[in-house]
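One file, entry_35.json, is given below (JSON, C-alpha atoms).
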```json
[["chain", "number", "residue", "atom", "x", "y", "z"],
["B", 1, "MET", "CA", -75.66, 64.52, 54.62],
["B", 2, "ILE", "CA", -72.74, 62.21, 53.75],
["B", 3, "THR", "CA", -72.02, 61.69, 57.44],
["B", 4, "GLN", "CA", -75.60, 60.62, 58.11],
["B", 5, "VAL", "CA", -75.51, 58.15, 55.23],
["B", 6, "LEU", "CA", -72.22, 56.68, 56.47],
["B", 7, "ILE", "CA", -73.60, 56.35, 60.00],
["B", 8, "LEU", "CA", -76.68, 54.58, 58.62],
["B", 9, "VAL", "CA", -74.55, 52.21, 56.51],
["B", 10, "PHE", "CA", -72.37, 51.46, 59.53],
["B", 11, "PHE", "CA", -75.43, 50.78, 61.71],
["B", 12, "ILE", "CA", -76.88, 48.42, 59.08],
["B", 13, "TYR", "CA", -73.52, 46.63, 58.79],
["B", 14, "VAL", "CA", -73.33, 46.13, 62.56],
["B", 15, "LEU", "CA", -76.95, 44.94, 62.69],
["B", 16, "GLN", "CA", -76.31, 42.46, 59.86],
["B", 17, "SER", "CA", -73.22, 41.15, 61.69],
["B", 18, "VAL", "CA", -75.13, 40.65, 64.94],
["B", 19, "LEU", "CA", -78.01, 38.87, 63.19],
["B", 20, "ALA", "CA", -75.60, 36.65, 61.22],
["B", 21, "TYR", "CA", -73.83, 35.74, 64.47],
["B", 22, "MET", "CA", -77.16, 34.78, 66.03],
["B", 23, "GLN", "CA", -78.01, 32.60, 63.00],
["B", 24, "ILE", "CA", -74.67, 30.81, 63.21],
["B", 25, "LYS", "CA", -75.16, 30.31, 66.94],
["B", 26, "ARG", "CA", -78.61, 28.72, 66.30],
["B", 27, "SER", "CA", -77.09, 26.44, 63.65],
["B", 28, "TYR", "CA", -74.28, 25.28, 65.93],
["B", 29, "LYS", "CA", -76.77, 24.59, 68.71],
["B", 30, "VAL", "CA", -78.71, 22.27, 66.38],
["B", 31, "ILE", "CA", -75.47, 20.61, 65.25],
["B", 32, "ASN", "CA", -74.38, 20.01, 68.85],
["B", 33, "ASP", "CA", -77.83, 18.67, 69.79],
["B", 34, "VAL", "CA", -77.75, 16.26, 66.84],
["B", 35, "LYS", "CA", -74.23, 15.14, 67.78],
["B", 36, "ALA", "CA", -75.30, 14.48, 71.36],
["B", 37, "GLN", "CA", -78.43, 12.62, 70.27],
["B", 38, "HIS", "CA", -76.61, 10.27, 67.88],
["B", 39, "LYS", "CA", -73.21, 10.03, 69.58],
["B", 40, "ALA", "CA", -73.48, 6.41, 70.72],
["B", 41, "SER", "CA", -75.29, 5.19, 67.60],
["B", 42, "GLY", "CA", -72.26, 4.85, 65.31],
["B", 43, "TYR", "CA", -73.87, 6.95, 62.58],
["B", 44, "ARG", "CA", -72.05, 9.67, 60.68],
["B", 45, "MET", "CA", -73.07, 13.32, 60.71],
["B", 46, "VAL", "CA", -72.26, 15.56, 57.74],
["B", 47, "THR", "CA", -73.25, 19.03, 56.62],
["B", 48, "GLY", "CA", -73.58, 20.63, 53.22],
["B", 49, "THR", "CA", -74.30, 24.04, 51.78],
["B", 50, "GLY", "CA", -75.58, 25.16, 48.41],
["B", 51, "ARG", "CA", -76.29, 28.60, 46.99],
["B", 52, "THR", "CA", -78.20, 29.76, 43.98],
["B", 53, "ARG", "CA", -77.58, 33.30, 42.80],
["B", 54, "PHE", "CA", -80.21, 35.47, 41.12],
["B", 55, "LEU", "CA", -78.77, 38.84, 40.16],
["B", 56, "LEU", "CA", -77.39, 40.15, 43.48],
["B", 57, "ILE", "CA", -79.55, 38.01, 45.76],
["B", 58, "ALA", "CA", -78.33, 34.56, 46.77],
["B", 59, "ARG", "CA", -80.65, 31.95, 48.25],
["B", 60, "GLY", "CA", -78.80, 29.48, 50.45],
["B", 61, "TYR", "CA", -79.53, 25.99, 51.62],
["B", 62, "PHE", "CA", -77.80, 24.27, 54.54],
["B", 63, "ILE", "CA", -78.35, 20.66, 55.56],
["B", 64, "ILE", "CA", -77.34, 18.55, 58.53],
["B", 65, "LEU", "CA", -77.52, 14.83, 57.78],
["B", 66, "VAL", "CA", -77.04, 11.80, 60.00],
["B", 67, "VAL", "CA", -76.64, 8.65, 57.92],
["B", 68, "ASN", "CA", -75.86, 5.01, 58.61],
["B", 69, "ASP", "CA", -73.40, 2.83, 56.67],
["B", 70, "ASP", "CA", -76.08, 2.00, 54.05],
["B", 71, "ASP", "CA", -76.64, 5.72, 53.26],
["B", 72, "ILE", "CA", -80.05, 5.71, 54.96],
["B", 73, "VAL", "CA", -80.88, 9.06, 56.55],
["B", 74, "MET", "CA", -81.39, 8.74, 60.30],
["B", 75, "ASP", "CA", -81.87, 12.48, 60.92],
["B", 76, "TYR", "CA", -82.24, 15.48, 58.61],
["B", 77, "TYR", "CA", -82.27, 19.22, 59.26],
["B", 78, "GLY", "CA", -82.53, 21.82, 56.52],
["B", 79, "MET", "CA", -82.20, 25.59, 56.50],
["B", 80, "ASP", "CA", -83.43, 27.47, 53.46],
["B", 81, "GLY", "CA", -83.71, 31.17, 52.82],
["B", 82, "TYR", "CA", -82.39, 34.54, 51.79],
["B", 83, "THR", "CA", -82.06, 36.18, 55.20],
["B", 84, "VAL", "CA", -80.38, 35.70, 58.53],
["B", 85, "PHE", "CA", -83.78, 34.90, 60.04],
["B", 86, "ALA", "CA", -83.74, 31.36, 58.63],
["B", 87, "SER", "CA", -83.02, 28.56, 61.09],
["B", 88, "PRO", "CA", -82.50, 24.79, 60.75],
["B", 89, "LYS", "CA", -85.73, 22.78, 60.84],
["B", 90, "ARG", "CA", -86.12, 19.03, 61.16],
["B", 91, "LYS", "CA", -87.63, 17.50, 58.03],
["B", 92, "GLU", "CA", -89.13, 14.16, 58.93],
["B", 93, "GLN", "CA", -90.19, 13.33, 55.37],
["B", 94, "TYR", "CA", -86.53, 12.52, 54.55],
["B", 95, "ILE", "CA", -85.83, 10.30, 57.56],
["B", 96, "GLY", "CA", -85.59, 6.62, 56.65],
["B", 97, "LYS", "CA", -84.91, 7.30, 52.97],
["B", 98, "SER", "CA", -81.69, 6.73, 51.06],
["B", 99, "LEU", "CA", -79.59, 9.63, 49.82],
["B", 100, "ASP", "CA", -80.51, 8.73, 46.24],
["B", 101, "GLU", "CA", -84.24, 8.90, 47.04],
["B", 102, "ILE", "CA", -83.80, 12.28, 48.68],
["B", 103, "GLU", "CA", -81.80, 13.63, 45.76],
["B", 104, "SER", "CA", -84.39, 12.52, 43.23],
["B", 105, "GLY", "CA", -87.03, 14.44, 45.21],
["B", 106, "PHE", "CA", -85.07, 17.71, 45.20],
["B", 107, "LYS", "CA", -86.12, 20.22, 42.57],
["B", 108, "LYS", "CA", -83.91, 23.20, 43.47],
["B", 109, "LYS", "CA", -80.25, 23.51, 42.47],
["B", 110, "ASN", "CA", -79.17, 24.74, 45.89],
["B", 111, "GLU", "CA", -80.66, 21.66, 47.58],
["B", 112, "LYS", "CA", -78.83, 19.38, 45.15],
["B", 113, "ARG", "CA", -75.57, 21.27, 45.66],
["B", 114, "ALA", "CA", -75.90, 21.01, 49.44],
["B", 115, "LEU", "CA", -76.53, 17.26, 49.22],
["B", 116, "ALA", "CA", -73.57, 16.84, 46.86],
["B", 117, "ALA", "CA", -71.33, 18.68, 49.35],
["B", 118, "ALA", "CA", -72.62, 16.48, 52.20],
["B", 119, "ARG", "CA", -71.98, 13.32, 50.13],
["B", 120, "GLU", "CA", -68.44, 14.48, 49.41],
["B", 121, "GLN", "CA", -67.85, 15.06, 53.12],
["B", 122, "LEU", "CA", -69.34, 11.64, 53.90],
["B", 123, "GLN", "CA", -66.99, 9.99, 51.42],
["B", 124, "LEU", "CA", -63.99, 11.69, 53.02],
["B", 125, "LEU", "CA", -65.11, 10.58, 56.48],
["B", 126, "ARG", "CA", -65.46, 6.99, 55.33],
["B", 127, "GLU", "CA", -61.98, 7.02, 53.85],
["B", 128, "GLN", "CA", -60.43, 8.44, 57.02],
["B", 129, "ALA", "CA", -62.09, 6.62, 59.92],
["B", 130, "PRO", "CA", -64.60, 3.94, 60.93],
["B", 131, "ALA", "CA", -68.23, 4.84, 61.70],
["B", 132, "GLY", "CA", -68.96, 7.32, 64.46],
["B", 133, "ILE", "CA", -69.98, 10.94, 64.76]]
```
What is this file in structure tokens?
Amino acid sequence: MITQVLILVFFIYVLQSVLAYMQIKRSYKVINDVKAQHKASGYRMVTGTGRTRFLLIARGYFIILVVNDDDIVMDYYGMDGYTVFASPKRKEQYIGKSLDEIESGFKKKNEKRALAAAREQLQLLREQAPAGI
């Protein structure tokens, strides 16, 4: 009985690892596509993550932002969910808005945390180098 339970736990662990790898691979494909699309534009690309924990379950939010020097969003992808089946989706309602406008529209803590992390990364990029992805 114990052996069967251990085999089941091991199988679930391996399945979770494979599905997480596939999710990361999908995310990196979107990141590389966004980089290629905006490479010559001189915009900056940043990412941010935020998590909100409820008991043992954590809901995550991941964003990919492309912004110009005036903090206007030129491209926005968001990934929201509890499981490894979530994938980044383009959210056109945020394109053309400032980071402050986007933040005021967020209602969830994990979205705000992800945007704060992206802003921090953007600030570091601006301190280190001129514009460019």
Under the rule that only C-alpha atoms are counted, which of B:Arg126, B:Arg119, B:Gly42, B:Ile63 is the nearest residue to Ser87 in chain B?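 Of all the options, B:Ile63 lies closest to Ser87 in chain B.
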If we count only C-alpha atoms and set the cut-off at 6 Å, which residues sit around Val67 in chain B, ignoring sequence neighbours fewer than 6 positions away in its own chain? Please answer as JSON, numbers by chain. {"B": [43, 44, 73, 74]}
Enter the distance from CA of Ala40 in chain B to CA of Asn68 in chain B, in Å, rounded to one decimal. 12.4 Å
State, in Å with one decimal place, the distance from CA of Met22 in chain B to CA of Pro88 in chain B.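 Distance between the two atoms: 12.5 Å.
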Contact table range 80-115 of chain B vs range 25-28 of chain B, cut-off 12 Å, shortest pair per residue, all atoms listed in the file, as a Markdown table:
```
| residue | atom | partner | partner_atom | distance |
| --- | --- | --- | --- | --- |
| B:Val84 | CA | B:Arg26 | CA | 10.6 |
| B:Phe85 | CA | B:Arg26 | CA | 10.2 |
| B:Ala86 | CA | B:Arg26 | CA | 9.6 |
| B:Ser87 | CA | B:Ser27 | CA | 6.8 |
| B:Pro88 | CA | B:Ser27 | CA | 6.4 |
| B:Lys89 | CA | B:Ser27 | CA | 9.8 |
| B:Arg90 | CA | B:Ser27 | CA | 11.9 |
```
Best match for closeness to Glu111 in chain B among B:Gly81, B:Ile24, B:Val5, B:Gln37, counting only C-alpha atoms: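 For Glu111 in chain B, the nearest of the given residues is B:Gly81.
Of note, CA of Ser41 in chain B and CA of Ile95 in chain B are spaced 15.4 Å apart.
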With all atoms listed in the file as the atoms that count, which of B:Ser17, B:Gln93, B:Asn32, B:Asn110 lies nearest to Arg59 in chain B?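 Residue with the minimum atom-to-atom distance to Arg59 in chain B: B:Asn110.
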Kindly indicate which residue among B:Gly60, B:Tyr21, B:Thr49, B:Asp75 lies nearest to Lys35 in chain B, using all atoms listed in the file for the distances.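 Result for the nearest residue to Lys35 in chain B: B:Asp75.
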Could you list, as a compact mmCIF listing (two decimals) with C-alpha atoms, in the frame of the given file, every residue within 8 Å of Ile64 in chain B, counting all atoms listed in the file and ignoring same-chain residues fewer than 3 positions away?
```txt
# COMPACT_ATOMS: atom_id res chain seq x y z
CA ILE B 31 -75.47 20.61 65.25
CA MET B 45 -73.07 13.32 60.71
CA VAL B 46 -72.26 15.56 57.74
CA THR B 47 -73.25 19.03 56.62
CA GLY B 48 -73.58 20.63 53.22
CA ASP B 75 -81.87 12.48 60.92
CA TYR B 76 -82.24 15.48 58.61
CA TYR B 77 -82.27 19.22 59.26
CA GLY B 78 -82.53 21.82 56.52
```
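The smallest atom-to-atom distance between Asp70 in chain B and any of B:Leu6, B:Val14, B:Ala114, B:Leu122, using only C-alpha atoms, is found for B:Leu122.
With only C-alpha atoms as the basis for measurement, B:Arg51 is the residue among B:Gly96, B:Arg51, B:Leu65, B:Met79 that approaches Lys112 in chain B most closely.
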Please enclose the listed atoms of range 83-101 of chain B in an axis-aligned box, pad each side by 6 Å, and write out the centre and the three edge lengths in Å, rounded to one decimal, as JSON.
```
{"center_x": -84.9, "center_y": 21.4, "center_z": 53.7, "size_x": 22.6, "size_y": 41.6, "size_z": 26.9}
```
